[in-house]
Amino acid sequence: MAIPTDNYNQSIIWKGKDTLEVFTLEHNSYGIVAGGMVMCRAGNIRYKTILEQDWTITKLDIHLADYPHKHLQINYAGDGKWVNEYGIEMPELDGCEGVDLSITPFTKSLPLKTMVIGKDYKFKVVSIKFPELSFHAIEQVYQNLGSGIFSYKNSGNTNPTQLKVGKSGLIKDIDGHFQEIYQCHYT
């Protein structure tokens, strides 16, 4: 299921096992800005992504609101290369096509946009752990099962997780880990 590409904005509230997120997506002719405020036991976490029109993340900025000194910024430099906020290359992330934030279902929506039913898709992504803001490259495997349902697992894991996608092309439910409890579209 493709994420719509016309100009629109939307807000979603996702409830996780131990989290609550207020998420906003702004899509216009210049690009896409998406982000959220996640409330959890580790504190309040604010993140923002800048994406190209093809949904490629070009910038990720994370702040731990309760710990102002803790933040992480990474930028996609092209050709599978990532740099930190100072422009220093991060070779440990070479080949990563995107990011996966464990605190939000949003980043798991991005690989789904062009998948054909029944085929496995492998993606190397930057996986970020909270509240440490530690990161590493990991391979993930997705499959489109049809009717807005996908499976997902980290490579090496034998137990796939089911993802349900709404009409907006964003995750509605992740196997009891996250559930959309509110959504609105506006211009």
# chains A, B, ... in the order shown; residues from 1 in each chain; ligands from 1
>>> residues_around(residues="Thr187 (chain A)", least_positions_apart="2", cutoff="9 Å", atoms="only C-alpha atoms", output="short mmCIF file (atom, residue, chain, number, x, y, z; two decimals) with N, CA and C atoms, in the first residue's frame")
data_model
loop_
_atom_site.label_atom_id
_atom_site.label_comp_id
_atom_site.auth_asym_id
_atom_site.auth_seq_id
_atom_site.Cartn_x
_atom_site.Cartn_y
_atom_site.Cartn_z
N ASN A 7 -0.42 16.71 -1.45
CA ASN A 7 -0.15 17.61 -0.32
C ASN A 7 -1.22 17.43 0.75
N TYR A 8 -0.79 17.07 1.93
CA TYR A 8 -1.71 16.94 3.06
C TYR A 8 -0.92 16.92 4.34
N ASN A 9 -1.63 17.10 5.42
CA ASN A 9 -1.05 17.01 6.75
C ASN A 9 -1.90 16.05 7.55
N GLN A 10 -1.30 15.42 8.53
CA GLN A 10 -2.10 14.56 9.41
C GLN A 10 -1.46 14.46 10.78
N HIS A 185 -6.84 14.21 9.37
CA HIS A 185 -6.17 14.81 8.21
C HIS A 185 -6.62 16.26 8.12
#
>>> select_by_dssp(residues="region 15-134 of chain A", states="alpha helix (DSSP H)", output="PDB file with N, CA and C atoms, in the first residue's frame")
ATOM      1  N   PHE A 106       6.136   4.857  13.145  1.00  0.00           N
ATOM      2  CA  PHE A 106       6.288   5.638  11.915  1.00  0.00           C
ATOM      3  C   PHE A 106       7.402   5.119  11.024  1.00  0.00           C
ATOM      4  N   THR A 107       8.584   4.881  11.580  1.00  0.00           N
ATOM      5  CA  THR A 107       9.721   4.517  10.732  1.00  0.00           C
ATOM      6  C   THR A 107       9.553   3.138  10.098  1.00  0.00           C
ATOM      7  N   LYS A 108       8.703   2.290  10.662  1.00  0.00           N
ATOM      8  CA  LYS A 108       8.429   1.001  10.024  1.00  0.00           C
ATOM      9  C   LYS A 108       7.437   1.156   8.865  1.00  0.00           C
ATOM     10  N   SER A 109       6.784   2.290   8.745  1.00  0.00           N
ATOM     11  CA  SER A 109       5.882   2.550   7.620  1.00  0.00           C
ATOM     12  C   SER A 109       6.644   2.820   6.329  1.00  0.00           C
TER      13      SER A 109
END
>>> closest_residue(among="A:Pro105, A:Gly118, A:Gly156, A:Gly87", to="Gly176 (chain A)", atoms="only C-alpha atoms")
A:Pro105
>>> atom_distance(atom1="CA of Tyr86 (chain A)", atom2="CA of Leu72 (chain A)")
11.1 Å
>>> atom_distance(atom1="CA of Val83 (chain A)", atom2="CA of Ala65 (chain A)")
23.2 Å
>>> closest_atom_pairs(of="region 69-100 of chain A", to="region 122-131 of chain A", cutoff="12 Å", atoms="only C-alpha atoms", output="Markdown table")
| residue | atom | partner | partner_atom | distance |
| --- | --- | --- | --- | --- |
| A:Lys70 | CA | A:Pro131 | CA | 9.0 |
| A:His71 | CA | A:Pro131 | CA | 10.0 |
| A:Leu72 | CA | A:Ile128 | CA | 9.8 |
| A:Gln73 | CA | A:Ile128 | CA | 11.3 |
| A:Ile74 | CA | A:Val126 | CA | 9.8 |
| A:Asn75 | CA | A:Val126 | CA | 11.2 |
| A:Tyr76 | CA | A:Val126 | CA | 10.8 |
| A:Gly80 | CA | A:Lys124 | CA | 9.8 |
| A:Lys81 | CA | A:Val126 | CA | 11.3 |
| A:Trp82 | CA | A:Val126 | CA | 9.6 |
| A:Met90 | CA | A:Val126 | CA | 10.9 |
| A:Pro91 | CA | A:Val126 | CA | 11.7 |
| A:Glu92 | CA | A:Val126 | CA | 9.4 |
| A:Leu93 | CA | A:Val126 | CA | 6.6 |
| A:Asp94 | CA | A:Lys124 | CA | 9.2 |
| A:Gly95 | CA | A:Lys124 | CA | 6.7 |
| A:Cys96 | CA | A:Val125 | CA | 4.6 |
| A:Glu97 | CA | A:Val125 | CA | 5.5 |
| A:Gly98 | CA | A:Val125 | CA | 4.8 |
| A:Val99 | CA | A:Val126 | CA | 4.5 |
| A:Asp100 | CA | A:Ser127 | CA | 4.8 |
>>> write_last_selection(atoms="C-alpha atoms", output="PDB file, in the first residue's frame")
ATOM      1  CA  LYS A  70      21.165  14.178  25.307  1.00  0.00           C
ATOM      2  CA  HIS A  71      20.471  14.430  21.603  1.00  0.00           C
ATOM      3  CA  LEU A  72      21.362  12.706  18.361  1.00  0.00           C
ATOM      4  CA  GLN A  73      21.376  14.026  14.824  1.00  0.00           C
ATOM      5  CA  ILE A  74      22.272  12.010  11.758  1.00  0.00           C
ATOM      6  CA  ASN A  75      22.019  13.028   8.118  1.00  0.00           C
ATOM      7  CA  TYR A  76      21.884  10.940   4.969  1.00  0.00           C
ATOM      8  CA  GLY A  80      24.511   4.818   1.461  1.00  0.00           C
ATOM      9  CA  LYS A  81      26.623   7.194   3.578  1.00  0.00           C
ATOM     10  CA  TRP A  82      25.582   8.859   6.855  1.00  0.00           C
ATOM     11  CA  MET A  90      29.746   7.394  10.210  1.00  0.00           C
ATOM     12  CA  PRO A  91      31.205   4.343   8.391  1.00  0.00           C
ATOM     13  CA  GLU A  92      29.470   1.916  10.768  1.00  0.00           C
ATOM     14  CA  LEU A  93      26.201   2.946   9.065  1.00  0.00           C
ATOM     15  CA  ASP A  94      27.399   2.512   5.460  1.00  0.00           C
ATOM     16  CA  GLY A  95      24.721   0.966   3.272  1.00  0.00           C
ATOM     17  CA  CYS A  96      21.794   1.840   5.538  1.00  0.00           C
ATOM     18  CA  GLU A  97      18.695   2.851   3.575  1.00  0.00           C
ATOM     19  CA  GLY A  98      16.741   4.340   6.445  1.00  0.00           C
ATOM     20  CA  VAL A  99      16.241   4.425  10.198  1.00  0.00           C
ATOM     21  CA  ASP A 100      14.215   2.439  12.716  1.00  0.00           C
TER      22      ASP A 100
END
>>> atom_distance(atom1="CA of Tyr186 (chain A)", atom2="CA of Asp61 (chain A)")
24.6 Å
>>> residues_around(residues="Arg41 (chain A)", least_positions_apart="5", cutoff="12 Å", atoms="only C-alpha atoms", output="PyMOL selection string")
chain A and resi 16-20+64+66+103+130-131
>>> write_last_selection(atoms="C-alpha atoms", output="mmCIF file, in the first residue's frame")
data_model
loop_
_atom_site.group_PDB
_atom_site.id
_atom_site.type_symbol
_atom_site.label_atom_id
_atom_site.label_comp_id
_atom_site.auth_asym_id
_atom_site.auth_seq_id
_atom_site.Cartn_x
_atom_site.Cartn_y
_atom_site.Cartn_z
ATOM 1 C CA GLY A 16 2.437 1.575 22.735
ATOM 2 C CA LYS A 17 2.864 -0.955 25.526
ATOM 3 C CA ASP A 18 4.575 1.679 27.688
ATOM 4 C CA THR A 19 4.348 4.760 25.462
ATOM 5 C CA LEU A 20 2.007 7.376 24.081
ATOM 6 C CA LEU A 64 15.407 13.684 25.195
ATOM 7 C CA ASP A 66 14.006 15.549 30.215
ATOM 8 C CA ILE A 103 9.755 4.080 20.155
ATOM 9 C CA PHE A 130 16.316 4.535 23.752
ATOM 10 C CA PRO A 131 17.044 6.216 26.114
#
>>> residues_around(residues="region 110-116 of chain A", least_positions_apart="2", cutoff="12 Å", atoms="only C-alpha atoms", output="number ranges by chain")
A: 1-5, 34, 49, 51-57, 97-101, 104-108, 118-125, 140-152, 163-166, 168-171
>>> write_last_selection(atoms="C-alpha atoms", output="tab-separated table (two decimals), in the first residue's frame")
chain	number	residue	atom	x	y	z
A	1	MET	CA	0.00	0.00	0.00
A	2	ALA	CA	1.52	3.30	-1.07
A	3	ILE	CA	1.68	6.30	1.18
A	4	PRO	CA	-0.25	9.12	-0.55
A	5	THR	CA	1.94	11.66	-2.33
A	34	ALA	CA	7.42	14.12	10.23
A	49	THR	CA	12.63	13.56	10.35
A	51	LEU	CA	12.26	13.31	4.05
A	52	GLU	CA	12.45	13.70	0.29
A	53	GLN	CA	9.29	13.36	-1.80
A	54	ASP	CA	10.18	9.67	-2.34
A	55	TRP	CA	10.08	9.15	1.48
A	56	THR	CA	13.86	8.84	1.84
A	57	ILE	CA	14.98	10.17	5.22
A	97	GLU	CA	18.70	2.85	3.57
A	98	GLY	CA	16.74	4.34	6.45
A	99	VAL	CA	16.24	4.42	10.20
A	100	ASP	CA	14.22	2.44	12.72
A	101	LEU	CA	13.23	4.12	15.96
A	104	THR	CA	7.51	4.77	17.13
A	105	PRO	CA	5.71	2.81	14.41
A	106	PHE	CA	6.29	5.64	11.92
A	107	THR	CA	9.72	4.52	10.73
A	108	LYS	CA	8.43	1.00	10.02
A	118	GLY	CA	4.37	-12.16	-1.46
A	119	LYS	CA	7.96	-11.05	-1.98
A	120	ASP	CA	10.55	-10.64	0.81
A	121	TYR	CA	12.27	-7.25	0.99
A	122	LYS	CA	15.49	-6.75	2.93
A	123	PHE	CA	16.51	-3.34	4.21
A	124	LYS	CA	19.63	-2.31	6.10
A	125	VAL	CA	18.65	0.42	8.55
A	140	GLN	CA	15.25	-6.11	8.50
A	141	VAL	CA	13.00	-8.30	6.36
A	142	TYR	CA	9.48	-7.22	5.33
A	143	GLN	CA	6.79	-9.00	3.33
A	144	ASN	CA	3.52	-7.66	1.90
A	145	LEU	CA	0.81	-10.19	2.83
A	146	GLY	CA	-1.97	-8.23	1.06
A	147	SER	CA	-4.99	-6.23	2.28
A	148	GLY	CA	-2.79	-3.73	4.14
A	149	ILE	CA	-1.07	-6.42	6.22
A	150	PHE	CA	2.71	-6.87	6.29
A	151	SER	CA	5.14	-9.00	8.25
A	152	TYR	CA	8.42	-7.73	9.62
A	163	LEU	CA	1.99	-4.79	10.78
A	164	LYS	CA	-1.41	-3.38	9.78
A	165	VAL	CA	-1.46	-0.29	7.61
A	166	GLY	CA	-4.29	2.24	7.37
A	168	SER	CA	-3.02	6.81	4.89
A	169	GLY	CA	-0.25	4.26	4.27
A	170	LEU	CA	1.03	4.59	7.83
A	171	ILE	CA	1.02	1.88	10.50
>>> closest_residue(among="A:Leu60, A:Ile138, A:Ile50, A:Cys40", to="His27 (chain A)", atoms="only C-alpha atoms")
A:Ile50
